[in-house]
Amino acid sequence: MEVKLWQAVQAILNGILTGALYSLIGMGMALIFGVMRIVNFAHGAFMMLGMYATWMLFERLHVNPYFGFLAAAAMLFVLGYATYQGLLRRIADRSDFMQILLTLGISLILTNGVQLIFGADYHQINFGLLDINVRLNSHVSLNLPWLLAFGITLVLGVGMFLVVMKSRLGRALRAIAQNRYAASLMGIDVMRIQALSFGMGLAAVGVAGGLLLPVFYLYPGAGDQFTLKAFVIVVLGGMGSIGGAAIAGVVLGIIENLTSLYWGNEWALVVDFIVFLLVLSLRPSGLFGSQRV
Amino acid sequence: MTRKRALIAAACFVLCLLVPLVVDQDYQLNVLFRITLFAGLGLAWNLVGGYAGQLSLGHAAFFGIGAYGLVLFNEKLGLPIWLAFVLGVVAAVGAALLIGRVAFRLRGPYFALSTIAFAEVLRISAKNLTSITGGDVGVQAPALFDTHPSQWFYVSAVLLTALAFTVTALIVRSRFGYWLQAIREDEDTAMACGIDAASTKLRVLAISAALTAIGGGLYASQFFFIVPDQVVGLEISNEIAIIAMLGGAGTLTGPLVGAVLLETATELFKSWFQEAHLLIYGVLIVLVVLFLPEGIVGTVARVWRRRKAGS
Amino acid sequence: MTALLDIEHVSKRFGGLRAVNDVSFSVKEGEVLFIVGPNGAGKTTLFNLITGFLPPDQGVIRFAGKSLAGSAPHIAARLGIGRTFQIVKPLRNLTVLENVMLGAFLRTRSTTEAAAQARKVLAFLQMEAVSDLPAHGLPLATLKRLEIARSLATRPKLILLDEVVAGLPTAEAMALAELLLRLPEWGVSAVAGVEHVMQVVMRVAQRVVVLDRGTLIAEGIPADVVRRPEVIEAYLGAKYKQVTG
């Protein structure tokens with residue numbers, strides 16, 4: 001009996017750690033979808049790029065991923081800015097339909113392009129640090145790489161939150177989210193700010209990718225499941241709420257881990273979607289959102 | 001559509017039916033089967049996505065139900081195969097009513113996302129219900145035709161496409177068709193004109209699901225051995241939607257053009273550069289969205305209309 | 001004359017904002033009533049409540065004696081309440097004729113019949129010339145007429161016109177007003193317009209109801225109501241004085 005309780009505790013703790021990365025991915029999506037109303041189906045694919053970038057730095061230049069992720073983030077920021085200016089802004093006025101298809105196309109190009117270049121093989125990285133576990137007591141232990149990821153995510157997540165809430169860029173962004181036309185009338189360069197925000201959103205995902213690399217498998221399709229999870233997180237947290245997405249990410253992590261514990265790994269994704277559908281049906285504004293669906 | 005056009009269409013379909021008299025190699029017939037099948041699937045999607053303007057990215061759900069319906073009702077429950085086929089279609093319609101009831105209350109991207117959610121729930125459930133579907137290992141689908149299967153599968157696909165084409169043509173000229181397009185353009189206006197938008201959307205989804213499920217059953221039986229990722233996967237949903245978009249969503253002949261182009265291109269690229277065909281998909285989608293948002297047929301029609309108005 | 005539409009103590013809040021505050025009035029069969037008030041007075045909200053796009057928080061709305069009780073918009077339309085939208089909503093990818101046919105389809109299943117009905121309505125509104133043009137890209141005045149045409153084709157008993165002449169130059173507005181006077185020919189027994197272009201109101205309205213920030217503050221024949229100090233002070237201002245002075 002006691003063992004079962006500790007198992008649940010372990011699952012919840014693992015869920016919090018996993019959830020931190022989800023939060024980061026979710027915050028990136030909250031920025032892009034929640035605030036900018038861009039339906040980004042390539043979210044996971046970009047994260048996968050971040051993973052490959054971090055991996056390349058590790059394999060070729062022996063850069064530790066816990067530093068390499070910064071490079072991945074920078075690369076994705078630039079890529080995001082360029083993608084927005086080059087492709088997405090052209091359909092900024094068109095229907096969501098078109099945005100979905102465009103980002104879907106981008107996702108296919110990225111995923112299959114990577115597969116052509118690097119092959120479909122699974123890769124995994126390994127170095128001493130990764131095997132260390134921090135023991136809390138005889139029943140519960142925490143994996144060091146996840147702990148590191150959690151810590152870094154916490155810092156960056158808070159940073160991102162502060163940027164969006166307190167900085168001039170963040171204020172401009174929120175103004176655009178509320179009323180794009182009015183914002184442009186007030187002298188805000190809407191296109192440039194949106195490009196920067198898209199870059200920021202992808203940078204967040206790049207960080208998540210880099211931090212995920214040590215504890216996950218690397219293959220071209222690695223990011224796909226995260227796109228859908230990101231949407232679930234944004235809906236759960238509430239539209240337009242970056243903080244909500246952060247909390248929702250952790251909540252989702254916990255739900256997934258508990259599901260894995262009691263029903264097996266395979267059902268975790270199903271539970272994600274059921275949560276998604278329930279939220280949309282019963283409480284469309286999410287946990288913390290203010291906008292109606 | 002005028003009588004003349006209807007006769008031309010009928011003639012084309014009859015010609016297609018006669019193809020097996022000329023082509024008798026299994027491989028070629030299978031390729032033609034695939035092209036024709038996806039033309040029919042594209043037409044089925046077009047009713048919901050093109051005319052009603054509801055972007056469904058979860059049509060694989062109906063495809064998969066049609067496929068696994070055969071397996072479940074015939075293989076596992078021992079019912080006669082054609083009855084199993086029909087039951088699969090009925091099940092798909094039931095699923096459509098359920099999914100639609102929830103999904104159609106959502107606007108914009110949430111609708112699309114919820115259709116994906118439903119299809120994914122179905123796919124993962126199928127993977128886990130190994131007693132029925134064999135999980136990732138797969139299961140054998142029963143044979144619909146014992147003699148000359150390649151020929152008969154091809155003919156069935158042509159018949160399905162002809163059915164979908166006829167249904168679409170009839171709907172477009174009718175009051176129901178106007179309702180669909182009104183809902184696409186502006187749902188509030190449609191309701192102010194007395195259209196029960198919720199019920200209309202459910203009805204068109206049911207029709208679309210039935211046609212798609214027929215396609216699923218045919219595909220499963222022809223392919224012989226199916227796995228969930230293949231018949232309930234995102235790839236099927238995306239492929240169907242892209243075919244209709246590429247050819248021209250909301251046009252009658254668009255999905256036909258789209259299917260011929262996309263499936264032919266896929267076959268060609270599979271032989272030249274096998275890995276790249278999904279990459280080509282991606283590039284195609286991006287190009288179509290940026291430069292040909294109305295699809296090929298839609299753009300041609302628009303240009304032609306402008307020429308006519310100008311002269 | 002019996003009341004066609006009864007609004008009884010209807011209220012609607014959005015968070016802290018009382019958009020419609022305990023409003024009561026009636027529209028009789030055959031009359032032309034206008035609801036007047038500045039932007040934000042609650043006119044469009046009231047229309048959304050009547051046509052079922054929003055449910056009221058309090059109060060009852062009766063049409064031909066039967067309570068509407070938050071029915072869905074398509075039910076209101078089928079019962080005979082037609083409506084135009086303040087921001088024109090043409091069905092952009094259809095032609096003008098097809099737009100109007102959509103309204104006609106409420107009364108017939110047949111495509112040919114709907115087309116015939118639509119052409120009649122378009123002739124009445126002097127729009128035959130644009131019948132076969134696509135609805136997008138047309139001038140605002142034409143689109144406003146299209147709104148009316150589409151609603152008229154549903155053969156309503158009551159038509160709610162939301163800011164139907166807003167944004168039009170005076171000549172266009174007055175031409176449209178003349179057409180509105182002829183609506184009884186179509187068996188439209190009552191017209192409730194929402195207007196702040198006073199020339200049109202004076203020309204067309206038999207009775208006027210004045211809203212101020214969600215509350216009904218005056219009711220009566222136009223000539224009387226416009227003289228009342230509270231109304232003049234709050235709404236009509238200098239522009240009206242110029243017109244009648």
# chains A, B, ... in the order shown; residues from 1 in each chain; ligands from 1
>>> closest_atom_pairs(of="region 186-209 of chain A", to="region 134-151 of chain A", cutoff="12 Å", atoms="only C-alpha atoms", output="Markdown table")
| residue | atom | partner | partner_atom | distance |
| --- | --- | --- | --- | --- |
| A:Val207 | CA | A:Ala149 | CA | 9.5 |
| A:Ala208 | CA | A:Ala149 | CA | 8.3 |
| A:Gly209 | CA | A:Ala149 | CA | 10.4 |
>>> write_last_selection(atoms="C-alpha atoms", output="mmCIF file, in the first residue's frame")
data_model
loop_
_atom_site.group_PDB
_atom_site.id
_atom_site.type_symbol
_atom_site.label_atom_id
_atom_site.label_comp_id
_atom_site.auth_asym_id
_atom_site.auth_seq_id
_atom_site.Cartn_x
_atom_site.Cartn_y
_atom_site.Cartn_z
ATOM 1 C CA VAL A 207 15.339 25.468 -25.717
ATOM 2 C CA ALA A 208 12.874 22.704 -24.964
ATOM 3 C CA GLY A 209 14.324 20.641 -27.786
#
>>> residues_around(residues="Val210 (chain C)", least_positions_apart="6", cutoff="10 Å", atoms="only C-alpha atoms", output="list of chain:residue names")
C:Phe34, C:Ile35, C:Val36, C:Gly37, C:Pro38, C:Ala41, C:Lys43, C:Val194, C:Leu216, C:Ile217, C:Ala218, C:Glu219, C:Gly220, C:Val225, C:Val226, C:Val231, C:Tyr235
>>> interface_residues(of="chain A", to="chain B", cutoff="7 Å", atoms="only C-alpha atoms", output="PyMOL selection string")
chain A and resi 96-98+101-102+105-106+108-109+112-113+116+270+273+277+281
>>> atom_distance(atom1="CA of Val96 (chain C)", atom2="CA of Leu202 (chain B)")
27.3 Å
>>> select_by_dssp(residues="region 6-224 of chain C", states="strand (DSSP E or B)", output="number ranges by chain")
C: 6-14, 17-28, 32-36, 58-63, 66-67, 81-83, 95, 134, 158-162, 190-194, 207-212, 215-220
>>> residues_around(residues="Gly44 (chain A)", least_positions_apart="5", cutoff="7 Å", atoms="only C-alpha atoms", output="PyMOL selection string")
chain A and resi 223-227
>>> write_last_selection(atoms="N, CA and C atoms", output="JSON list (two decimals), in the first residue's frame")
[["chain", "number", "residue", "atom", "x", "y", "z"],
["A", 223, "GLY", "N", 9.40, 15.48, -33.09],
["A", 223, "GLY", "CA", 8.66, 16.64, -32.64],
["A", 223, "GLY", "C", 7.15, 16.58, -32.86],
["A", 224, "ASP", "N", 6.73, 15.63, -33.70],
["A", 224, "ASP", "CA", 5.33, 15.65, -34.13],
["A", 224, "ASP", "C", 4.32, 15.62, -33.00],
["A", 225, "GLN", "N", 4.55, 14.74, -32.02],
["A", 225, "GLN", "CA", 3.55, 14.64, -30.96],
["A", 225, "GLN", "C", 3.47, 15.93, -30.15],
["A", 226, "PHE", "N", 4.56, 16.70, -30.15],
["A", 226, "PHE", "CA", 4.55, 17.90, -29.31],
["A", 226, "PHE", "C", 3.72, 19.02, -29.90],
["A", 227, "THR", "N", 3.54, 19.00, -31.22],
["A", 227, "THR", "CA", 2.69, 20.02, -31.81],
["A", 227, "THR", "C", 1.29, 19.92, -31.24]]
>>> interface_residues(of="chain C", to="chain B", cutoff="6 Å", atoms="only C-alpha atoms", output="MDAnalysis selection string")
chainID C and resid 73:74 77:78 91 103
>>> write_last_selection(atoms="C-alpha atoms", output="short mmCIF file (atom, residue, chain, number, x, y, z; two decimals), in the first residue's frame")
data_model
loop_
_atom_site.label_atom_id
_atom_site.label_comp_id
_atom_site.auth_asym_id
_atom_site.auth_seq_id
_atom_site.Cartn_x
_atom_site.Cartn_y
_atom_site.Cartn_z
CA PRO C 73 -31.54 32.39 -34.74
CA HIS C 74 -32.78 30.09 -37.46
CA ALA C 77 -36.11 33.51 -39.01
CA ARG C 78 -38.50 30.67 -39.72
CA LEU C 91 -21.85 35.88 -49.14
CA GLY C 103 -33.38 33.94 -48.40
#
>>> select_by_dssp(residues="region 7-209 of chain C", states="helix (DSSP H, G or I)", output="VMD selection string")
chain C and resid 43 to 50 73 to 79 96 to 104 111 to 124 128 to 130 140 to 152 170 to 181 183 to 186 198 to 204
>>> atom_distance(atom1="CA of Lys4 (chain A)", atom2="CA of Val251 (chain A)")
20.7 Å
>>> atom_distance(atom1="CA of Leu122 (chain C)", atom2="CA of Thr251 (chain B)")
27.1 Å
>>> residues_around(residues="Gly215 (chain B)", least_positions_apart="4", cutoff="10 Å", atoms="only C-alpha atoms", output="short mmCIF file (atom, residue, chain, number, x, y, z; two decimals) with N, CA and C atoms, in the first residue's frame")
data_model
loop_
_atom_site.label_atom_id
_atom_site.label_comp_id
_atom_site.auth_asym_id
_atom_site.auth_seq_id
_atom_site.Cartn_x
_atom_site.Cartn_y
_atom_site.Cartn_z
N LEU B 37 -9.37 5.84 -56.20
CA LEU B 37 -9.90 5.81 -54.84
C LEU B 37 -9.74 7.18 -54.18
N PHE B 38 -8.55 7.75 -54.32
CA PHE B 38 -8.31 9.02 -53.66
C PHE B 38 -9.09 10.15 -54.32
N GLY B 40 -12.14 9.75 -55.29
CA GLY B 40 -13.42 9.61 -54.59
C GLY B 40 -13.35 10.14 -53.17
N LEU B 41 -12.24 9.84 -52.48
CA LEU B 41 -12.09 10.33 -51.10
C LEU B 41 -12.02 11.85 -51.09
N ALA B 44 -15.41 13.24 -51.47
CA ALA B 44 -16.17 13.09 -50.22
C ALA B 44 -15.77 14.19 -49.23
N PHE B 62 -13.04 8.16 -40.31
CA PHE B 62 -14.10 7.46 -41.05
C PHE B 62 -13.50 6.40 -41.97
N PHE B 63 -12.35 6.74 -42.55
CA PHE B 63 -11.64 5.80 -43.41
C PHE B 63 -11.30 4.54 -42.62
N GLY B 64 -10.75 4.78 -41.43
CA GLY B 64 -10.34 3.65 -40.59
C GLY B 64 -11.51 2.82 -40.10
N GLY B 66 -14.29 2.36 -41.67
CA GLY B 66 -14.68 1.54 -42.81
C GLY B 66 -13.75 0.36 -42.97
N ALA B 67 -12.45 0.61 -42.78
CA ALA B 67 -11.46 -0.46 -42.95
C ALA B 67 -11.62 -1.52 -41.86
N VAL B 89 -19.81 1.09 -42.80
CA VAL B 89 -20.24 2.41 -43.26
C VAL B 89 -21.22 3.03 -42.26
N SER B 156 -14.53 -0.95 -58.63
CA SER B 156 -15.22 -0.44 -57.44
C SER B 156 -14.83 0.99 -57.14
N ALA B 157 -13.54 1.27 -57.30
CA ALA B 157 -13.08 2.63 -57.02
C ALA B 157 -13.73 3.61 -57.98
N LEU B 160 -17.22 4.16 -56.88
CA LEU B 160 -17.27 5.04 -55.70
C LEU B 160 -17.10 6.49 -56.11
N THR B 161 -16.13 6.73 -56.96
CA THR B 161 -15.88 8.10 -57.40
C THR B 161 -17.07 8.65 -58.18
N ALA B 209 -18.81 11.06 -44.46
CA ALA B 209 -18.25 9.94 -43.70
C ALA B 209 -18.60 8.61 -44.37
N ALA B 210 -19.84 8.50 -44.84
CA ALA B 210 -20.27 7.25 -45.48
C ALA B 210 -19.41 6.96 -46.71
N LEU B 211 -19.24 7.97 -47.55
CA LEU B 211 -18.43 7.78 -48.76
C LEU B 211 -17.00 7.43 -48.40
N TYR B 219 -10.04 -0.02 -49.61
CA TYR B 219 -8.59 0.07 -49.45
C TYR B 219 -8.06 -1.08 -48.61
N ALA B 220 -8.75 -1.32 -47.47
CA ALA B 220 -8.27 -2.37 -46.57
C ALA B 220 -8.25 -3.72 -47.27
#
>>> residues_around(residues="Val197 (chain C)", least_positions_apart="2", cutoff="8 Å", atoms="only C-alpha atoms", output="number ranges by chain")
C: 165-166, 195, 199-201
>>> residues_around(residues="Leu183 (chain C)", least_positions_apart="2", cutoff="12 Å", atoms="only C-alpha atoms", output="PyMOL selection string")
chain C and resi 30-32+121+124-125+148-149+151-153+155-159+176-181+185-192+204
>>> decode(residues="region 162-194 of chain C", atoms="C-alpha atoms", output="compact mmCIF listing (two decimals), in the first residue's frame")
# COMPACT_ATOMS: atom_id res chain seq x y z
CA ASP C 162 -29.80 47.49 -38.25
CA GLU C 163 -28.26 50.82 -39.31
CA VAL C 164 -29.37 50.18 -42.86
CA VAL C 165 -28.48 53.66 -44.12
CA ALA C 166 -25.42 54.29 -41.98
CA GLY C 167 -22.45 55.30 -44.06
CA LEU C 168 -24.50 56.23 -47.11
CA PRO C 169 -24.57 59.69 -48.68
CA THR C 170 -27.82 61.58 -48.10
CA ALA C 171 -29.30 61.03 -51.56
CA GLU C 172 -28.77 57.27 -51.30
CA ALA C 173 -30.16 57.24 -47.80
CA MET C 174 -33.33 59.03 -48.83
CA ALA C 175 -33.78 56.77 -51.88
CA LEU C 176 -33.57 53.77 -49.59
CA ALA C 177 -36.02 55.39 -47.22
CA GLU C 178 -38.56 55.71 -50.02
CA LEU C 179 -38.19 51.99 -50.66
CA LEU C 180 -38.72 51.22 -47.00
CA LEU C 181 -42.05 53.02 -47.16
CA ARG C 182 -43.15 50.55 -49.82
CA LEU C 183 -42.32 47.45 -47.77
CA PRO C 184 -45.99 46.84 -46.80
CA GLU C 185 -46.52 45.89 -50.47
CA TRP C 186 -44.50 42.80 -49.66
CA GLY C 187 -46.66 41.75 -46.80
CA VAL C 188 -44.05 42.94 -44.34
CA SER C 189 -46.35 44.17 -41.69
CA ALA C 190 -43.85 45.91 -39.47
CA VAL C 191 -40.43 47.44 -39.82
CA ALA C 192 -38.27 48.20 -36.80
CA GLY C 193 -35.32 50.24 -37.93
CA VAL C 194 -32.38 51.35 -35.86
